[in-house]
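Inspection log for the structure reproduced underneath, given as structure tokens.
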Amino acid sequence: MPSSSAASAREILVRLHDVMASRTTAQAKLNSVVQIIGAALNSEVCSIYLLRDGVLELFATRGLDQAAVHVTKLALGEGLVGTIAKNVDTLNLDEAASHPDFAYKPETGEEKFHSFAGVPIIRRERSVGVLCVQHADPHPYDDVEIEALQTVAMVLSELIANAELIDGQSVAAVRPQSTAATRIEGLKLVDGMARGVAVFHQPRITIEHTVAEDTEAERHRVYAAFDKMREQIDRMTSQAEFGVGGEHEEVIATYKMFAYDEGWARRINEAIDSGLTAEAAIERVQQRTRMRMRQIDDALLADRMHDLEDLSNRLLRIVSGQMGTAAQMGLRQDTILIARNLGPAELLEYDRRRLKGVVLEEGSLTAHVTIVARAMGVPVLGRVKDVRREIAEGDLLLLDVTAGTAFVRPTPAIEESFEGKLLLSQRRRASFAAMRAAPPTTADGHRLTLMVNAGLRDDVAALDLTGADGIGLFRTEFQFLVSATLPQRERQLRLYRDVLDAAGDRPVIFRTVDIGGDKALPYLKGDSEDEENPAMGWRAIRLALERDGLMKAQARALIEASAGRTLNVMFPMVSEPWEFDEARTLFEAQRTWLAGRNRKLPAQIRYGAMLEVPALAETLDLLLPNLDFLSIGTNDLTQFLFAADRANPKLAERYDWLSPSILRFIARVVAPTRAAGVELGVCGEMGGRTLEAMALIGLGIERLSITPAAVGPVKAMIRSLNRDRLMADMAVLLAHPPRDMRGALTDWATKNNVELT
């Protein structure tokens with residue numbers, strides 16, 4: 001065997017080139033291919049399975065019984081071959097029979113072979129077959145052999161596609177099975193409503209030739225494409241129309257770092273060395289990236305990989321000279337953009353006058369494209385399964401991210417309903433805007449406090465837009481989640497100071513970083529890796545007290561940023577009073593350290609805790625004497641009380657926030673907190689829904705911190721509400737809970753003319 005994967009693949013490709021150019025039948029070519037690969041890898045068996053009529057059919061083999069050709073068939077997910085095709089991933093086993101997905105096919109005569117390696121044959125991002133090798137000796141194949149197989153599989157995809165040996169639907173963009181109106185659902189990434197025609201972000205790029213005639217010429221083509229791509233990125237990001245200092249700037253800086261990554265360029269060069277054309281080399285490296293992404297559970301790292309794929313697509317378009325993205329062709333009408341995923345730079349290329357919304361097959365709340373879209377004010381619906389199969393280019397789309405849905409090819413009745421909702425939404429927004437300066441005071445004269453949740457510098461603008469009383473929860477971890485490296489104290493200080501300056505005399509409650517668990521950072525590895533239950537794991541204050549260097553840096557940044565002002569700081573996921581005490585002691589030590597260096601200090605530091613862990617409610621008598629304020633975090637509290645993972649779609653609608661158990665628990669917290677004279681609030685989605693917010697007020701909650709979009713509806717509800725009457729009736733309802741608490745509270749609101757939306 002050659003000493004490198006490039007040499008191994010090149011040796012095979014040189015011989016395959018002649019086979020592909022020959023005038024023999026496609027079957028004869030495949031028969032030659034398995035002989036060439038088997039001999040080059042010194043492997044007793046080499047087989048090719050192709051997807052036909054929805055099943056994987058053995059098309060050619062060296063080493064297995066020839067009578068099994070076109071007889072042995074496997075469903076997707078069946079056996080090792082079916083597993084490779086279904087997962088679009090590689091298997092390399094020293095003992096095939098030990099794998100849980102192994103399926104024995106007696107007609108093949110494969111019982112004497114032990115080692116097994118297989119790679120998917122990919123065409124346009126889908127498995128269209130499997131190339132596998134087997135050996136009698138039980139040993140895994142070398143990395144260079146696997147690399148060679150993956151490269152050869154890429155060339156095979158061209159051969160079998162040209163010979164029309166595979167299902168047409170496996171390689172072509174498929175129109176939706178139905179042209180009827182369809183309702184699709186997804187994850188709310190950026191709120192809003194929009195109407196437009198579906199436009200696919202990225203036309204298919206077809207690679208016509210995979211085997212290079214002149215390796216050096218291909219290398220020069222790639223170098224020129226890299227130069228052009230980097231020039232495009234530099235020009236585009238310098239022209240971005242954003243305010244100064246937003247988190248999107250950090251996102252774009254990280255994106256540019258990938259564009260100049262020498263490791264990525266080196267991997268493409270190595271693929272060219274193996275004998276591939278420039279286009280095929282870029283696609284080969286991109287396939288590896290996609291395989292890695294399927295193995296990554298870390299959402300943040302997966303988002304970084306999406307940026308790299310975005311750049312790969314851009315580079316491939318440049319080097320191939322093929323049609324660009326929809327942005328480069330120009331949008332001709334109001335558009336809803338459809339994509340598997342997007343990089344931030346690609347979104348920036350679109351005409352914002354025409355781009356009305358985005359629908360993604362993937363996407364997450366912390367993805368770079370989400371952060372940039374929020375800054376652009378473009379609604380985004382994510383995690384829409386098979387979006388490019390459900391929607392055809394040019395379909396009319398009605399996007400309602402607020403409801404987490406989109407209507408494809410709507411009927412006139414659906415259009416009329418949507419337009420009515422959109423008009424009502426616009427009117428309501430106008431009425432809420434007119435109420436912006438009005439205080440959240442109940443009809444019987446009780447002034448409540450209505451604040452907003454935030455996590456980005458740009459979110460502070462919501463204070464003026466909504467007339468909120470302040471920021472009741474500033475999630476400081478967002479800065480950590482969008483950064484490629486751990487944010488240094490100076491960067492944190494600038495963010496916190498900018499937020500306080502923008503808020504003016506309105507209070508801001510900073511929650512210390514809630515990272516770890518399901519918000520793991522690739523640059524901060526530790527005990528939270530591979531947790532079975534990350535939400536209840538090594539995260540938030542637990543991690544921060546162990547990694548106290550991180551918390552000390554944040555404490556100094558917050559204290560210095562609040563010089564001359566009041567600093568409100570809150571610790572997340574406190575389970576026992578000693579955790580709060582340790583965190584407060586750490587902050588006080590940093591205040592003393594800064595005072596000793598003559599730094600200007602806050603006029604006052606107010607300390608608070610998040611009550612998310614039910615155990616803390618049992619020790620409030622020990623905690624309250626040391627607290628300035630307490631915030632109930634309803635999102636985590638609910639899942640902990642019900643032992644129900646809020647990320648599990650089967651449990652999402654199972655338990656109601658208006659369950660007597662939740663309401664009684666909160667009432668049990670309100671009484672001692674009020675008696676101790678400690679401020680109490682609620683931050684979480686529960687407080688942002690008008691009926692749930694009404695119930696919280698009926699329990700005695702006087703401060704709500706909610707999303708900016710919810711401020712108007714909740715304020716309107718508060719101003720129509722008689723709080724004293726509600727509290728009296730809530731006490732009766734909690735003492736003798738009705739079977740349908742939600743229905744009972746809705747009836748109460750209707751009878752008492754409470755404005756609910």
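Going through the structure tokens in order, the chains are called A, B, and so on, while each chain numbers its residues from 1 and the ligands are numbered from 1 in the order shown.
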
>> Which residues are near A:Ala557? Cut-off 8 Å, only C-alpha atoms, ignore same chain within fewer than 4 positions. Put them as an MDAnalysis selection string.
In response: chainID A and resid 489:490 492:493 496 553 561

For the selection you just gave me, I'd like the residues written to a file as a PDB file, in the first residue's frame, keeping N, CA, C and O atoms.
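Saved result, again_25.pdb, follows:
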```
ATOM      1  N   ARG A 489     -11.989  39.584  29.553  1.00  0.00           N
ATOM      2  CA  ARG A 489     -12.665  40.506  30.472  1.00  0.00           C
ATOM      3  C   ARG A 489     -12.965  41.845  29.804  1.00  0.00           C
ATOM      4  O   ARG A 489     -14.029  42.427  30.018  1.00  0.00           O
ATOM      5  N   GLU A 490     -12.038  42.340  28.962  1.00  0.00           N
ATOM      6  CA  GLU A 490     -12.238  43.649  28.333  1.00  0.00           C
ATOM      7  C   GLU A 490     -13.449  43.637  27.402  1.00  0.00           C
ATOM      8  O   GLU A 490     -14.218  44.598  27.354  1.00  0.00           O
ATOM      9  N   GLN A 492     -16.035  41.595  27.637  1.00  0.00           N
ATOM     10  CA  GLN A 492     -17.225  41.518  28.482  1.00  0.00           C
ATOM     11  C   GLN A 492     -17.552  42.886  29.062  1.00  0.00           C
ATOM     12  O   GLN A 492     -18.705  43.320  29.074  1.00  0.00           O
ATOM     13  N   LEU A 493     -16.527  43.584  29.530  1.00  0.00           N
ATOM     14  CA  LEU A 493     -16.727  44.904  30.137  1.00  0.00           C
ATOM     15  C   LEU A 493     -17.389  45.858  29.147  1.00  0.00           C
ATOM     16  O   LEU A 493     -18.325  46.586  29.496  1.00  0.00           O
ATOM     17  N   TYR A 496     -21.159  44.971  28.758  1.00  0.00           N
ATOM     18  CA  TYR A 496     -21.982  45.326  29.918  1.00  0.00           C
ATOM     19  C   TYR A 496     -22.121  46.844  30.050  1.00  0.00           C
ATOM     20  O   TYR A 496     -23.200  47.354  30.384  1.00  0.00           O
ATOM     21  N   ALA A 553     -13.438  36.710  36.297  1.00  0.00           N
ATOM     22  CA  ALA A 553     -13.300  37.638  35.171  1.00  0.00           C
ATOM     23  C   ALA A 553     -14.630  38.325  34.885  1.00  0.00           C
ATOM     24  O   ALA A 553     -14.680  39.541  34.639  1.00  0.00           O
ATOM     25  N   ALA A 561     -17.915  47.804  34.818  1.00  0.00           N
ATOM     26  CA  ALA A 561     -18.881  48.385  33.884  1.00  0.00           C
ATOM     27  C   ALA A 561     -19.959  49.182  34.605  1.00  0.00           C
ATOM     28  O   ALA A 561     -20.533  50.119  34.044  1.00  0.00           O
TER      29      ALA A 561
END
```

>> Quick check, in Å to one decimal: how far apart do atom CA of A:Ile471 and atom CA of A:Ala555 lie?
In response: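 Calculated distance between atom CA of A:Ile471 and atom CA of A:Ala555 is 18.7 Å.
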
>> Show me, as a PyMOL selection string, the residues that have an atom within 8 Å of A:Pro660 when counting only C-alpha atoms, minus same-chain residues fewer than 5 positions from it.
In response: chain A and resi 734+737+741

> Which value, in Å to one decimal, gives the distance between atom CA of A:Thr619 and atom CA of A:Ser575?
Replying inline: 9.3 Å

Per-residue nearest contacts of stretch 87-130 of chain A to stretch 57-79 of chain A (8 Å; only C-alpha atoms) as CSV:
```
residue,atom,partner,partner_atom,distance
A:Asn87,CA,A:Gly77,CA,8.0
A:Asp101,CA,A:Gly79,CA,5.0
A:Phe102,CA,A:Gly79,CA,4.7
A:Ala103,CA,A:Gly79,CA,4.5
A:Tyr104,CA,A:Gly79,CA,7.8
A:Lys105,CA,A:Thr72,CA,7.4
A:Glu107,CA,A:Ala68,CA,5.8
A:Thr108,CA,A:Asp65,CA,5.0
A:Gly109,CA,A:Asp65,CA,5.9
A:Glu110,CA,A:Leu64,CA,6.3
```

> Residues at most 9 Å from A:Gly608, counting only C-alpha atoms, excluding those fewer than 4 positions away in the same chain, as a list in words?
Replying inline: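 Within the cut-off, the hits are Ile509, Arg511, Asn568, Val569, Met570, Phe571, Phe580, Asn626, Leu627, Asp628, Phe629, Leu630 and Ser631 of chain A.
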
>> Let me make sure I understand: among A:Phe258, A:Phe200, A:Phe642, A:Phe480, which one has the smallest atom-to-atom distance to A:Arg340 if we use only C-alpha atoms?
In response: A:Phe200

>> At a cut-off of 10 Å, using only C-alpha atoms, what residues contact A:Val359? Leave out same-chain residues fewer than 6 positions from it and give the result as a ChimeraX atom specification.
In response: /A:186-187,189,198,200,336-341,379-384,387-388,397,399,401,405-406

>> Ranking A:Arg703, A:Lys751, A:Arg230, A:His139 by minimum distance to A:Gly472 and counting only C-alpha atoms, which one comes first?
In response: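 Residue with the minimum atom-to-atom distance to A:Gly472: A:Arg703.
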
> Which is closest to A:Arg314 among A:His114, A:Arg599, A:Arg288, A:His201, if we use only C-alpha atoms?
Replying inline: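 Smallest distance to A:Arg314 is found for A:His201.
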
> How would you write, as a ChimeraX atom specification, the set of residues in stretch 684-745 of chain A that DSSP gives as alpha helix (DSSP H)?
Replying inline: /A:690-698,708-719,723-735,741-745

Kindly save the residues from that selection, with N, CA, C and O atoms included, as a compact mmCIF listing (two decimals), in the first residue's frame.
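This is the output file out.txt:
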```txt
# COMPACT_ATOMS: atom_id res chain seq x y z
N THR A 690 -50.63 36.00 28.09
CA THR A 690 -51.51 36.87 28.87
C THR A 690 -52.31 36.12 29.94
O THR A 690 -52.44 36.61 31.07
N LEU A 691 -52.83 34.93 29.63
CA LEU A 691 -53.60 34.21 30.64
C LEU A 691 -52.70 33.74 31.77
O LEU A 691 -53.05 33.86 32.96
N GLU A 692 -51.52 33.21 31.43
CA GLU A 692 -50.58 32.76 32.45
C GLU A 692 -50.08 33.94 33.29
O GLU A 692 -49.93 33.84 34.51
N ALA A 693 -49.83 35.08 32.63
CA ALA A 693 -49.39 36.28 33.36
C ALA A 693 -50.47 36.74 34.33
O ALA A 693 -50.18 37.15 35.47
N MET A 694 -51.73 36.65 33.90
CA MET A 694 -52.84 37.00 34.79
C MET A 694 -52.85 36.11 36.03
O MET A 694 -53.02 36.58 37.17
N ALA A 695 -52.63 34.81 35.82
CA ALA A 695 -52.61 33.88 36.96
C ALA A 695 -51.46 34.21 37.91
O ALA A 695 -51.64 34.17 39.14
N LEU A 696 -50.30 34.55 37.38
CA LEU A 696 -49.15 34.91 38.23
C LEU A 696 -49.45 36.15 39.06
O LEU A 696 -49.09 36.22 40.25
N ILE A 697 -50.08 37.12 38.45
CA ILE A 697 -50.45 38.34 39.20
C ILE A 697 -51.45 37.99 40.29
O ILE A 697 -51.40 38.53 41.40
N GLY A 698 -52.35 37.05 39.98
CA GLY A 698 -53.31 36.61 40.98
C GLY A 698 -52.66 35.91 42.16
O GLY A 698 -53.23 35.84 43.26
N PRO A 708 -39.70 40.94 24.47
CA PRO A 708 -40.21 42.26 24.07
C PRO A 708 -41.55 42.20 23.34
O PRO A 708 -42.41 43.06 23.54
N ALA A 709 -41.75 41.18 22.49
CA ALA A 709 -43.00 41.08 21.73
C ALA A 709 -44.21 40.89 22.63
O ALA A 709 -45.34 41.20 22.23
N ALA A 710 -43.99 40.38 23.84
CA ALA A 710 -45.11 40.10 24.75
C ALA A 710 -45.47 41.29 25.62
O ALA A 710 -46.51 41.27 26.29
N VAL A 711 -44.64 42.33 25.65
CA VAL A 711 -44.88 43.46 26.56
C VAL A 711 -46.21 44.13 26.27
O VAL A 711 -47.01 44.39 27.19
N GLY A 712 -46.50 44.43 25.00
CA GLY A 712 -47.74 45.10 24.66
C GLY A 712 -48.97 44.32 25.09
O GLY A 712 -49.84 44.85 25.81
N PRO A 713 -49.10 43.04 24.67
CA PRO A 713 -50.28 42.27 25.08
C PRO A 713 -50.42 42.12 26.60
O PRO A 713 -51.53 42.21 27.13
N VAL A 714 -49.31 41.90 27.31
CA VAL A 714 -49.38 41.72 28.76
C VAL A 714 -49.74 43.04 29.44
O VAL A 714 -50.52 43.06 30.40
N LYS A 715 -49.20 44.14 28.94
CA LYS A 715 -49.55 45.44 29.53
C LYS A 715 -51.03 45.75 29.34
O LYS A 715 -51.70 46.23 30.26
N ALA A 716 -51.56 45.44 28.14
CA ALA A 716 -52.99 45.66 27.90
C ALA A 716 -53.83 44.82 28.86
O ALA A 716 -54.86 45.28 29.38
N MET A 717 -53.40 43.59 29.10
CA MET A 717 -54.12 42.73 30.05
C MET A 717 -54.09 43.33 31.45
O MET A 717 -55.12 43.40 32.14
N ILE A 718 -52.91 43.77 31.88
CA ILE A 718 -52.76 44.34 33.23
C ILE A 718 -53.68 45.54 33.42
O ILE A 718 -54.35 45.68 34.46
N ARG A 719 -53.75 46.40 32.40
CA ARG A 719 -54.52 47.64 32.55
C ARG A 719 -56.03 47.38 32.53
O ARG A 719 -56.81 48.28 32.89
N ARG A 723 -56.86 43.57 40.21
CA ARG A 723 -55.96 42.62 40.86
C ARG A 723 -56.53 42.10 42.18
O ARG A 723 -56.42 40.90 42.48
N ASP A 724 -57.12 42.97 42.98
CA ASP A 724 -57.62 42.53 44.29
C ASP A 724 -58.70 41.45 44.13
O ASP A 724 -58.72 40.45 44.87
N ARG A 725 -59.59 41.66 43.18
CA ARG A 725 -60.65 40.68 42.95
C ARG A 725 -60.04 39.36 42.46
O ARG A 725 -60.43 38.28 42.90
N LEU A 726 -59.04 39.45 41.58
CA LEU A 726 -58.40 38.25 41.05
C LEU A 726 -57.70 37.47 42.16
O LEU A 726 -57.82 36.24 42.24
N MET A 727 -56.97 38.15 43.03
CA MET A 727 -56.23 37.46 44.09
C MET A 727 -57.18 36.73 45.04
O MET A 727 -56.90 35.60 45.47
N ALA A 728 -58.31 37.34 45.34
CA ALA A 728 -59.28 36.69 46.21
C ALA A 728 -59.85 35.43 45.56
O ALA A 728 -59.95 34.38 46.21
N ASP A 729 -60.18 35.52 44.28
CA ASP A 729 -60.75 34.37 43.59
C ASP A 729 -59.70 33.29 43.31
O ASP A 729 -60.02 32.10 43.29
N MET A 730 -58.43 33.70 43.11
CA MET A 730 -57.37 32.72 42.90
C MET A 730 -57.16 31.87 44.15
O MET A 730 -56.90 30.67 44.05
N ALA A 731 -57.28 32.48 45.31
CA ALA A 731 -57.11 31.72 46.55
C ALA A 731 -58.16 30.61 46.65
O ALA A 731 -57.86 29.49 47.08
N VAL A 732 -59.38 30.91 46.22
CA VAL A 732 -60.45 29.91 46.24
C VAL A 732 -60.16 28.80 45.22
O VAL A 732 -60.31 27.61 45.51
N LEU A 733 -59.72 29.20 44.02
CA LEU A 733 -59.43 28.21 42.98
C LEU A 733 -58.29 27.28 43.39
O LEU A 733 -58.32 26.08 43.10
N LEU A 734 -57.28 27.81 44.08
CA LEU A 734 -56.15 26.98 44.49
C LEU A 734 -56.53 26.05 45.64
O LEU A 734 -56.01 24.94 45.74
N ALA A 735 -57.42 26.52 46.50
CA ALA A 735 -57.85 25.67 47.62
C ALA A 735 -58.67 24.48 47.13
O ALA A 735 -58.56 23.38 47.67
N MET A 741 -58.19 23.97 35.12
CA MET A 741 -57.82 25.27 35.67
C MET A 741 -57.72 26.32 34.56
O MET A 741 -58.12 27.47 34.74
N ARG A 742 -57.20 25.93 33.40
CA ARG A 742 -57.08 26.89 32.30
C ARG A 742 -58.46 27.39 31.87
O ARG A 742 -58.65 28.60 31.65
N GLY A 743 -59.40 26.46 31.75
CA GLY A 743 -60.75 26.86 31.37
C GLY A 743 -61.38 27.77 32.41
O GLY A 743 -62.06 28.75 32.06
N ALA A 744 -61.17 27.45 33.70
CA ALA A 744 -61.75 28.27 34.77
C ALA A 744 -61.19 29.69 34.75
O ALA A 744 -61.92 30.67 34.93
N LEU A 745 -59.87 29.83 34.53
CA LEU A 745 -59.26 31.15 34.49
C LEU A 745 -59.68 31.93 33.24
O LEU A 745 -59.87 33.15 33.30
```

> What's the 7 Å shell around A:Ala194, counting only C-alpha atoms, without same-chain residues fewer than 5 positions away, as a PyMOL selection string?
Replying inline: chain A and resi 356-357+398-400

>> If I take atom CA of A:Gly196 and atom CA of A:Gly394, how far is one from the other in Å, to one decimal?
In response: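 Answer for the atom CA of A:Gly196 to atom CA of A:Gly394 separation: 9.1 Å.
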
Those of stretch 68-211 of chain A in DSSP strand (DSSP E or B), formatted as an mmCIF file with C-alpha atoms, in the first residue's frame:
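Heads up, here's the output in result08.cif:
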```cif
data_model
loop_
_atom_site.group_PDB
_atom_site.id
_atom_site.type_symbol
_atom_site.label_atom_id
_atom_site.label_comp_id
_atom_site.auth_asym_id
_atom_site.auth_seq_id
_atom_site.Cartn_x
_atom_site.Cartn_y
_atom_site.Cartn_z
ATOM 1 C CA LYS A 73 -31.154 -6.761 -1.644
ATOM 2 C CA LEU A 74 -31.234 -4.737 1.565
ATOM 3 C CA ALA A 75 -33.634 -2.075 2.763
ATOM 4 C CA LEU A 91 -18.203 1.863 9.013
ATOM 5 C CA ASN A 92 -14.818 0.219 9.702
ATOM 6 C CA LEU A 93 -15.036 -3.032 11.687
ATOM 7 C CA SER A 115 -13.252 -7.474 8.699
ATOM 8 C CA PHE A 116 -15.575 -5.035 6.936
ATOM 9 C CA ALA A 117 -15.358 -1.417 5.768
ATOM 10 C CA GLY A 118 -17.965 0.495 3.823
ATOM 11 C CA VAL A 119 -18.523 4.050 2.626
ATOM 12 C CA PRO A 120 -21.631 5.699 1.173
ATOM 13 C CA ILE A 121 -21.752 6.599 -2.508
ATOM 14 C CA ILE A 122 -23.184 10.113 -2.390
ATOM 15 C CA ARG A 123 -24.923 12.078 -5.118
ATOM 16 C CA ARG A 126 -27.929 11.695 -0.630
ATOM 17 C CA SER A 127 -26.757 8.113 -0.431
ATOM 18 C CA VAL A 128 -27.303 6.357 -3.739
ATOM 19 C CA GLY A 129 -25.255 3.277 -2.927
ATOM 20 C CA VAL A 130 -22.492 1.737 -0.838
ATOM 21 C CA LEU A 131 -18.928 0.673 -1.678
ATOM 22 C CA CYS A 132 -17.569 -1.921 0.748
ATOM 23 C CA VAL A 133 -14.584 -4.226 1.192
ATOM 24 C CA GLN A 134 -14.131 -7.371 3.323
ATOM 25 C CA HIS A 135 -11.223 -9.516 4.453
ATOM 26 C CA THR A 182 -49.836 22.192 2.994
ATOM 27 C CA ARG A 183 -49.158 23.343 6.537
ATOM 28 C CA ILE A 184 -45.602 22.833 7.797
ATOM 29 C CA GLU A 185 -44.269 23.328 11.296
ATOM 30 C CA LEU A 187 -38.875 25.952 15.419
ATOM 31 C CA LYS A 188 -39.385 29.675 16.092
ATOM 32 C CA LEU A 189 -35.994 31.288 15.509
ATOM 33 C CA VAL A 190 -36.812 34.928 14.698
ATOM 34 C CA MET A 193 -45.102 37.128 9.898
ATOM 35 C CA ALA A 194 -44.363 37.349 6.168
ATOM 36 C CA ARG A 195 -45.808 36.614 2.743
ATOM 37 C CA GLY A 196 -43.799 35.800 -0.388
ATOM 38 C CA VAL A 197 -42.919 33.286 -3.075
ATOM 39 C CA ALA A 198 -40.525 30.443 -2.334
ATOM 40 C CA VAL A 199 -37.033 30.921 -3.725
ATOM 41 C CA PHE A 200 -34.319 28.316 -3.226
ATOM 42 C CA VAL A 211 -10.935 12.766 -12.225
#
```

>> Restricting the calculation to only C-alpha atoms: of A:Leu360, A:Val152, A:Val14, A:Ala97, which residue gets closest to A:Ala281?
In response: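 Closest to A:Ala281, using only C-alpha atoms: A:Val152.
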
> Hey, what's within 7 Å of stretch 272-280 of chain A if we count only C-alpha atoms and toss same-chain stuff fewer than 2 positions away? As a list in words, please?
Replying inline: Ala6, Ala7, Ala9, Arg10, Leu13, Ile207, His209, Thr210, Val211, Ala212, Thr215, Glu218, Arg219, Arg221, Val222, Ile268, Asn269, Glu270, Ile282, Glu283, Arg284, Leu316, Val319 and Ser320 of chain A
